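Everything on this sheet refers to the single structure shown next.
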Amino acid sequence: MTFPAPSNGRRALRPGDRVRATVNAQISRVAGRQHGLITTRQLAACGLGRGAIAHRRSVGVLIPVAPRVLAVGRPAEGALARHLAAVLSIEREAWLSHRSAAAVWDLTPFEARQPVDLLVEGTPPRSRPDVRIRQTKRLDQADRGLRKGLPVTGIARTVVDLAGVLATDRVERVVAEAFALHRCRPADVRAALERTPTRRGHGTVRAVLEQADGPRRTRSEAERRFLEMVRTAGIESPRTNAKVGRYEVDAVWARERVIVEIDGYAFHGSRHRFEHDRRKDAELQAAGWIVFRVTWRGLTDDTLATVARLSAVLTSRREDSGERGHG
């Protein structure tokens, strides 16, 4: 007489269950590397046929996000998933480039209304309203990168490509951000220029690199105008967006201990912000700094007066510093 094996309360897996578990595990591994996304080709490689894909779509397990690209389990969220979906959808090797690459490198913000920029070698597939595809004969290995799990043009190549589509003042900020955030060097950018001799914007990049005071980081149109005003007046350029004590300031001349803060209503119009700025000024002044505030009107209508006042403050501080040095 035989007895059944003791039961642990679990139903024994049938062969079909094991197959599904294996397929599901493979899908999870692939999607886990791709911000929750997977292509129909990858699903087939995991063992899922057309009928099974259609069924999972119908019950909401697979959610279409782009041609031939689906999200697993829940809708794809965020800019990174949107950009990777564009890469996966063309089913060939491609790299995020131009504005899209700049956003992934944190050089510029993501722009939801802009098409995703892709770069491919050889003849490109047709662009779509949401994807702008560009062609290159060959993308050098030095110009290929991977960031946040996305294939992207290298930092120096991204700077060079952006110069062909951005205004000069914005190119300066991008170059400065690349240097500050990613240890990109002028030599790296010049090498990328040599590898792309026919690209637009080379003159703009070289002009930024050849500035005597180097590229400067700015956060707003007002800050860009201020830096341009200073340079036009022949005043030595300050450090921008720099730390002084526990504060970040818009511009600083450390030797003269002069700080410039640029006021715009959008950033300083609330009562809370106004009080914060006054506390900040008071602390910096108590520490021996002169805080010079410049308004939007001072950058547009009263430029000569603003330059004269700033120049006088800097000159006075230099003279004071010289007297202290000889005292």
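Starting from 1 in every chain, residues are counted up; chains themselves are A, B, ... following the order of the structure tokens, and ligands are numbered from 1 as listed.
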
Which polymer residues have any atom within 10 Å of an atom of stretch 76-89 of chain A, counting only C-alpha atoms, with same-chain residues fewer than 6 positions away left out, as a PDB file with N, CA and C atoms, in the first residue's frame?
```
ATOM      1  N   GLN A  34      16.025  48.479 -18.130  1.00  0.00           N
ATOM      2  CA  GLN A  34      15.589  49.454 -19.129  1.00  0.00           C
ATOM      3  C   GLN A  34      14.455  50.332 -18.623  1.00  0.00           C
ATOM      4  N   HIS A  35      14.550  50.760 -17.393  1.00  0.00           N
ATOM      5  CA  HIS A  35      13.535  51.662 -16.815  1.00  0.00           C
ATOM      6  C   HIS A  35      12.119  51.117 -16.967  1.00  0.00           C
ATOM      7  N   GLY A  36      11.992  49.771 -16.855  1.00  0.00           N
ATOM      8  CA  GLY A  36      10.679  49.141 -16.926  1.00  0.00           C
ATOM      9  C   GLY A  36      10.154  48.918 -18.332  1.00  0.00           C
ATOM     10  N   LEU A  37      11.004  49.068 -19.347  1.00  0.00           N
ATOM     11  CA  LEU A  37      10.577  48.954 -20.748  1.00  0.00           C
ATOM     12  C   LEU A  37      11.134  47.693 -21.392  1.00  0.00           C
ATOM     13  N   ILE A  38      10.443  47.235 -22.436  1.00  0.00           N
ATOM     14  CA  ILE A  38      10.902  46.081 -23.195  1.00  0.00           C
ATOM     15  C   ILE A  38      10.331  46.178 -24.601  1.00  0.00           C
ATOM     16  N   THR A  39      11.059  45.660 -25.581  1.00  0.00           N
ATOM     17  CA  THR A  39      10.587  45.697 -26.969  1.00  0.00           C
ATOM     18  C   THR A  39       9.888  44.385 -27.328  1.00  0.00           C
ATOM     19  N   THR A  40       9.112  44.421 -28.392  1.00  0.00           N
ATOM     20  CA  THR A  40       8.449  43.194 -28.838  1.00  0.00           C
ATOM     21  C   THR A  40       9.481  42.148 -29.255  1.00  0.00           C
ATOM     22  N   ILE A  63       2.006  47.569 -21.435  1.00  0.00           N
ATOM     23  CA  ILE A  63       1.372  48.838 -21.799  1.00  0.00           C
ATOM     24  C   ILE A  63       2.192  49.503 -22.899  1.00  0.00           C
ATOM     25  N   PRO A  64       1.622  49.707 -24.092  1.00  0.00           N
ATOM     26  CA  PRO A  64       2.372  50.339 -25.189  1.00  0.00           C
ATOM     27  C   PRO A  64       2.786  51.768 -24.835  1.00  0.00           C
ATOM     28  N   VAL A  65       4.052  52.103 -25.132  1.00  0.00           N
ATOM     29  CA  VAL A  65       4.532  53.470 -24.895  1.00  0.00           C
ATOM     30  C   VAL A  65       5.155  54.093 -26.137  1.00  0.00           C
ATOM     31  N   ALA A  66       5.534  53.268 -27.093  1.00  0.00           N
ATOM     32  CA  ALA A  66       6.120  53.737 -28.346  1.00  0.00           C
ATOM     33  C   ALA A  66       6.028  52.582 -29.327  1.00  0.00           C
ATOM     34  N   PRO A  67       6.237  52.832 -30.632  1.00  0.00           N
ATOM     35  CA  PRO A  67       6.208  51.715 -31.584  1.00  0.00           C
ATOM     36  C   PRO A  67       7.155  50.602 -31.158  1.00  0.00           C
ATOM     37  N   ARG A  68       6.589  49.401 -30.968  1.00  0.00           N
ATOM     38  CA  ARG A  68       7.350  48.197 -30.624  1.00  0.00           C
ATOM     39  C   ARG A  68       7.984  48.246 -29.240  1.00  0.00           C
ATOM     40  N   VAL A  69       7.528  49.148 -28.401  1.00  0.00           N
ATOM     41  CA  VAL A  69       8.069  49.270 -27.035  1.00  0.00           C
ATOM     42  C   VAL A  69       6.909  49.281 -26.048  1.00  0.00           C
ATOM     43  N   LEU A  70       7.033  48.479 -24.977  1.00  0.00           N
ATOM     44  CA  LEU A  70       5.981  48.379 -23.971  1.00  0.00           C
ATOM     45  C   LEU A  70       6.560  48.532 -22.576  1.00  0.00           C
ATOM     46  N   TRP A  95      22.042  56.683 -30.278  1.00  0.00           N
ATOM     47  CA  TRP A  95      22.479  57.401 -29.088  1.00  0.00           C
ATOM     48  C   TRP A  95      21.651  58.677 -28.948  1.00  0.00           C
ATOM     49  N   LEU A  96      21.252  58.987 -27.740  1.00  0.00           N
ATOM     50  CA  LEU A  96      20.633  60.280 -27.478  1.00  0.00           C
ATOM     51  C   LEU A  96      21.672  61.356 -27.753  1.00  0.00           C
ATOM     52  N   SER A 100      18.622  66.318 -26.098  1.00  0.00           N
ATOM     53  CA  SER A 100      18.305  65.164 -25.245  1.00  0.00           C
ATOM     54  C   SER A 100      19.528  64.694 -24.472  1.00  0.00           C
ATOM     55  N   ALA A 101      20.669  64.632 -25.140  1.00  0.00           N
ATOM     56  CA  ALA A 101      21.898  64.238 -24.453  1.00  0.00           C
ATOM     57  C   ALA A 101      22.258  65.264 -23.387  1.00  0.00           C
ATOM     58  N   ALA A 103      20.302  67.098 -21.630  1.00  0.00           N
ATOM     59  CA  ALA A 103      19.431  66.922 -20.466  1.00  0.00           C
ATOM     60  C   ALA A 103      19.861  65.712 -19.636  1.00  0.00           C
ATOM     61  N   VAL A 104      20.221  64.622 -20.299  1.00  0.00           N
ATOM     62  CA  VAL A 104      20.667  63.427 -19.572  1.00  0.00           C
ATOM     63  C   VAL A 104      21.969  63.706 -18.816  1.00  0.00           C
ATOM     64  N   PHE A 110      15.239  68.897 -18.931  1.00  0.00           N
ATOM     65  CA  PHE A 110      14.433  68.155 -19.894  1.00  0.00           C
ATOM     66  C   PHE A 110      13.293  69.045 -20.381  1.00  0.00           C
ATOM     67  N   GLU A 111      12.986  68.953 -21.660  1.00  0.00           N
ATOM     68  CA  GLU A 111      11.901  69.735 -22.247  1.00  0.00           C
ATOM     69  C   GLU A 111      10.858  68.764 -22.793  1.00  0.00           C
ATOM     70  N   ALA A 112       9.738  68.664 -22.098  1.00  0.00           N
ATOM     71  CA  ALA A 112       8.725  67.657 -22.433  1.00  0.00           C
ATOM     72  C   ALA A 112       8.157  67.852 -23.839  1.00  0.00           C
ATOM     73  N   PRO A 115      10.953  67.137 -29.270  1.00  0.00           N
ATOM     74  CA  PRO A 115      11.176  65.752 -29.700  1.00  0.00           C
ATOM     75  C   PRO A 115      12.465  65.201 -29.103  1.00  0.00           C
ATOM     76  N   VAL A 116      12.533  63.900 -28.943  1.00  0.00           N
ATOM     77  CA  VAL A 116      13.759  63.259 -28.481  1.00  0.00           C
ATOM     78  C   VAL A 116      14.758  63.266 -29.631  1.00  0.00           C
ATOM     79  N   ASP A 117      15.986  63.708 -29.366  1.00  0.00           N
ATOM     80  CA  ASP A 117      17.047  63.754 -30.382  1.00  0.00           C
ATOM     81  C   ASP A 117      17.849  62.460 -30.347  1.00  0.00           C
ATOM     82  N   LEU A 118      17.957  61.807 -31.497  1.00  0.00           N
ATOM     83  CA  LEU A 118      18.740  60.579 -31.622  1.00  0.00           C
ATOM     84  C   LEU A 118      19.779  60.737 -32.718  1.00  0.00           C
ATOM     85  N   LEU A 119      20.902  60.055 -32.551  1.00  0.00           N
ATOM     86  CA  LEU A 119      21.959  60.038 -33.555  1.00  0.00           C
ATOM     87  C   LEU A 119      22.226  58.590 -33.931  1.00  0.00           C
ATOM     88  N   ARG A 128       9.913  60.863 -36.454  1.00  0.00           N
ATOM     89  CA  ARG A 128       8.500  60.947 -36.097  1.00  0.00           C
ATOM     90  C   ARG A 128       8.274  62.276 -35.385  1.00  0.00           C
ATOM     91  N   ASP A 130       7.573  62.816 -32.447  1.00  0.00           N
ATOM     92  CA  ASP A 130       8.148  62.798 -31.105  1.00  0.00           C
ATOM     93  C   ASP A 130       9.617  62.396 -31.076  1.00  0.00           C
ATOM     94  N   VAL A 131      10.192  62.087 -32.234  1.00  0.00           N
ATOM     95  CA  VAL A 131      11.587  61.652 -32.302  1.00  0.00           C
ATOM     96  C   VAL A 131      12.255  62.302 -33.513  1.00  0.00           C
ATOM     97  N   ARG A 132      13.379  62.997 -33.260  1.00  0.00           N
ATOM     98  CA  ARG A 132      14.140  63.651 -34.339  1.00  0.00           C
ATOM     99  C   ARG A 132      15.446  62.885 -34.493  1.00  0.00           C
ATOM    100  N   ILE A 133      15.636  62.258 -35.657  1.00  0.00           N
ATOM    101  CA  ILE A 133      16.788  61.379 -35.874  1.00  0.00           C
ATOM    102  C   ILE A 133      17.790  62.058 -36.801  1.00  0.00           C
ATOM    103  N   LYS A 148      22.975  57.012 -16.736  1.00  0.00           N
ATOM    104  CA  LYS A 148      21.663  56.714 -16.171  1.00  0.00           C
ATOM    105  C   LYS A 148      20.983  55.573 -16.924  1.00  0.00           C
ATOM    106  N   GLY A 149      21.791  54.660 -17.463  1.00  0.00           N
ATOM    107  CA  GLY A 149      21.249  53.516 -18.180  1.00  0.00           C
ATOM    108  C   GLY A 149      20.843  53.808 -19.609  1.00  0.00           C
ATOM    109  N   LEU A 150      21.194  54.971 -20.140  1.00  0.00           N
ATOM    110  CA  LEU A 150      20.806  55.360 -21.495  1.00  0.00           C
ATOM    111  C   LEU A 150      22.040  55.546 -22.368  1.00  0.00           C
ATOM    112  N   PRO A 151      22.001  55.066 -23.625  1.00  0.00           N
ATOM    113  CA  PRO A 151      23.097  55.345 -24.549  1.00  0.00           C
ATOM    114  C   PRO A 151      23.036  56.815 -24.961  1.00  0.00           C
ATOM    115  N   VAL A 152      24.157  57.501 -24.868  1.00  0.00           N
ATOM    116  CA  VAL A 152      24.160  58.943 -25.050  1.00  0.00           C
ATOM    117  C   VAL A 152      25.490  59.359 -25.662  1.00  0.00           C
TER     118      VAL A 152
END
```

Test item: residues at most 6 Å from A:Val208, only C-alpha atoms, excluding those fewer than 3 positions along its chain, as a short mmCIF file (atom, residue, chain, number, x, y, z; two decimals) with N, CA and C atoms, in the first residue's frame:
```
data_model
loop_
_atom_site.label_atom_id
_atom_site.label_comp_id
_atom_site.auth_asym_id
_atom_site.auth_seq_id
_atom_site.Cartn_x
_atom_site.Cartn_y
_atom_site.Cartn_z
N GLU A 172 27.86 78.99 -24.01
CA GLU A 172 28.82 79.26 -22.94
C GLU A 172 28.41 78.58 -21.65
N VAL A 205 31.96 77.43 -30.38
CA VAL A 205 32.65 76.69 -29.32
C VAL A 205 34.06 77.22 -29.13
N GLN A 211 37.92 82.56 -24.61
CA GLN A 211 37.70 83.71 -23.74
C GLN A 211 38.77 83.75 -22.67
#
```

Give me every alpha helix (DSSP H) residue in stretch 135-316 of chain A, going by DSSP on the backbone, as a VMD selection string.
-> chain A and resid 155 to 163 168 to 182 186 to 195 202 to 209 221 to 232 265 to 268 271 to 286 296 to 300 303 to 316

Report as a tab-separated table the residues of stretch 92-202 of chain A within 12 Å of stretch 232-250 of chain A, each with its shortest atom pair and distance in Å (one decimal), using only C-alpha atoms, ordered by chain and increasing residue number.
```
residue	atom	partner	partner_atom	distance
A:Arg173	CA	A:Thr240	CA	10.8
A:Ala176	CA	A:Thr240	CA	10.3
A:Glu177	CA	A:Asn241	CA	11.1
A:Ala180	CA	A:Asn241	CA	11.2
```

Near A:Asp143, within 8 Å and counting only C-alpha atoms, which residues show up once chain neighbours fewer than 3 positions away are dropped, as a PyMOL selection string?
-> chain A and resi 139-140+153-157+192

Selection above as a file: N, CA and C atoms, as a compact mmCIF listing (two decimals), in the first residue's frame:
```txt
# COMPACT_ATOMS: atom_id res chain seq x y z
N LEU A 139 30.38 57.27 -35.58
CA LEU A 139 30.48 57.85 -34.25
C LEU A 139 31.67 57.21 -33.55
N ASP A 140 32.71 58.02 -33.33
CA ASP A 140 33.93 57.53 -32.70
C ASP A 140 33.63 56.96 -31.31
N THR A 153 25.49 60.43 -26.45
CA THR A 153 26.76 60.94 -26.94
C THR A 153 27.60 61.42 -25.77
N GLY A 154 28.92 61.27 -25.89
CA GLY A 154 29.82 61.69 -24.83
C GLY A 154 29.68 63.17 -24.52
N ILE A 155 30.17 63.57 -23.35
CA ILE A 155 29.95 64.92 -22.88
C ILE A 155 30.55 65.96 -23.83
N ALA A 156 31.78 65.73 -24.31
CA ALA A 156 32.40 66.71 -25.21
C ALA A 156 31.67 66.75 -26.55
N ARG A 157 31.28 65.60 -27.07
CA ARG A 157 30.54 65.56 -28.33
C ARG A 157 29.19 66.25 -28.18
N ALA A 192 36.95 66.72 -29.69
CA ALA A 192 35.64 66.43 -30.30
C ALA A 192 35.42 67.31 -31.52
```

Go ahead and compute the interatomic distance for atom CA of A:Val171 and atom CA of A:Arg183, in Å to one decimal.
->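 That distance, rounded to one decimal, is 16.9 Å.
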
Residues at most 9 Å from A:Val160, counting only C-alpha atoms, excluding those fewer than 2 positions away in the same chain, as a PyMOL selection string?
-> chain A and resi 98+155-158+162-164+189+192-193+196+199-202+205

Would you write out those residues with C-alpha atoms, as a PDB file, in the first residue's frame?
```
ATOM      1  CA  HIS A  98      21.908  67.281 -28.897  1.00  0.00           C
ATOM      2  CA  ILE A 155      29.954  64.922 -22.880  1.00  0.00           C
ATOM      3  CA  ALA A 156      32.402  66.706 -25.212  1.00  0.00           C
ATOM      4  CA  ARG A 157      30.543  65.565 -28.335  1.00  0.00           C
ATOM      5  CA  THR A 158      27.261  66.735 -26.793  1.00  0.00           C
ATOM      6  CA  LEU A 162      24.596  71.674 -29.096  1.00  0.00           C
ATOM      7  CA  ALA A 163      26.650  74.574 -30.438  1.00  0.00           C
ATOM      8  CA  GLY A 164      24.965  74.047 -33.798  1.00  0.00           C
ATOM      9  CA  VAL A 189      36.128  69.606 -26.426  1.00  0.00           C
ATOM     10  CA  ALA A 192      35.640  66.434 -30.298  1.00  0.00           C
ATOM     11  CA  LEU A 193      35.807  69.416 -32.673  1.00  0.00           C
ATOM     12  CA  THR A 196      33.533  66.476 -36.313  1.00  0.00           C
ATOM     13  CA  ARG A 199      29.508  70.205 -37.819  1.00  0.00           C
ATOM     14  CA  ARG A 200      27.883  73.597 -37.373  1.00  0.00           C
ATOM     15  CA  GLY A 201      28.799  75.722 -34.381  1.00  0.00           C
ATOM     16  CA  HIS A 202      32.548  75.114 -34.297  1.00  0.00           C
ATOM     17  CA  VAL A 205      32.646  76.690 -29.317  1.00  0.00           C
TER      18      VAL A 205
END
```

Nearby residues (only C-alpha atoms) at most 10 Å from A:Gly288, same-chain spacing under 5 positions excluded, as JSON, numbers by chain = {"A": [257, 258, 283]}

Serialized selection, C-alpha atoms, as a compact mmCIF listing (two decimals), in the first residue's frame:
```
# COMPACT_ATOMS: atom_id res chain seq x y z
CA ARG A 257 35.28 90.85 -1.29
CA VAL A 258 32.47 92.16 -3.47
CA GLU A 283 25.30 88.02 7.31
```

Which of stretch 87-204 of chain A end up as strand (DSSP E) when DSSP is run on this backbone - answer as an mmCIF file with C-alpha atoms, in the first residue's frame?
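out37.cif, freshly written:
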```
data_model
loop_
_atom_site.group_PDB
_atom_site.id
_atom_site.type_symbol
_atom_site.label_atom_id
_atom_site.label_comp_id
_atom_site.auth_asym_id
_atom_site.auth_seq_id
_atom_site.Cartn_x
_atom_site.Cartn_y
_atom_site.Cartn_z
ATOM 1 C CA TRP A 95 22.479 57.401 -29.088
ATOM 2 C CA LEU A 96 20.633 60.280 -27.478
ATOM 3 C CA VAL A 116 13.759 63.259 -28.481
ATOM 4 C CA ASP A 117 17.047 63.754 -30.382
ATOM 5 C CA LEU A 118 18.740 60.579 -31.622
ATOM 6 C CA LEU A 119 21.959 60.038 -33.555
ATOM 7 C CA VAL A 120 22.551 56.950 -35.728
ATOM 8 C CA GLU A 121 25.346 55.797 -37.986
ATOM 9 C CA VAL A 131 11.587 61.652 -32.302
ATOM 10 C CA ARG A 132 14.140 63.651 -34.339
ATOM 11 C CA ILE A 133 16.788 61.379 -35.874
ATOM 12 C CA ARG A 134 20.129 62.667 -37.160
ATOM 13 C CA GLN A 135 22.794 60.884 -39.170
ATOM 14 C CA THR A 136 26.544 60.563 -38.771
ATOM 15 C CA ARG A 144 29.823 57.247 -27.155
ATOM 16 C CA GLY A 145 28.659 57.142 -23.579
ATOM 17 C CA LEU A 146 26.252 55.537 -21.133
ATOM 18 C CA ARG A 147 24.569 57.613 -18.440
ATOM 19 C CA LEU A 150 20.806 55.360 -21.495
ATOM 20 C CA PRO A 151 23.097 55.345 -24.549
ATOM 21 C CA VAL A 152 24.160 58.943 -25.050
ATOM 22 C CA THR A 153 26.758 60.935 -26.942
#
```

Quick one: of A:Leu304, A:Val165, A:Ala21, A:Ala287, who's nearest to A:Ser97, counting only C-alpha atoms?
->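 For A:Ser97, the nearest of the candidates is A:Val165.
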
Could you check which of A:Arg74, A:Thr123, A:Arg195, A:Ala312 is closest to A:Arg57, using only C-alpha atoms?
->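 So, comparing all the options, the nearest one is A:Arg74.
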
Interatomic distance between atom CA of A:Val30 and atom CA of A:Leu62?
->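 So the two atoms, atom CA of A:Val30 and atom CA of A:Leu62, lie 13.6 Å apart.
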
Using atom CA of A:Asn24 and atom CA of A:Arg92 as the two end points, give the distance in Å to one decimal.
->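 Distance reported for this atom pair: 24.6 Å.
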
Taking only C-alpha atoms into account, which of A:Leu310, A:Ala25, A:Ile259, A:Ala142 comes nearest A:Gln285?
->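 Selected residue with least distance to A:Gln285: A:Ile259.
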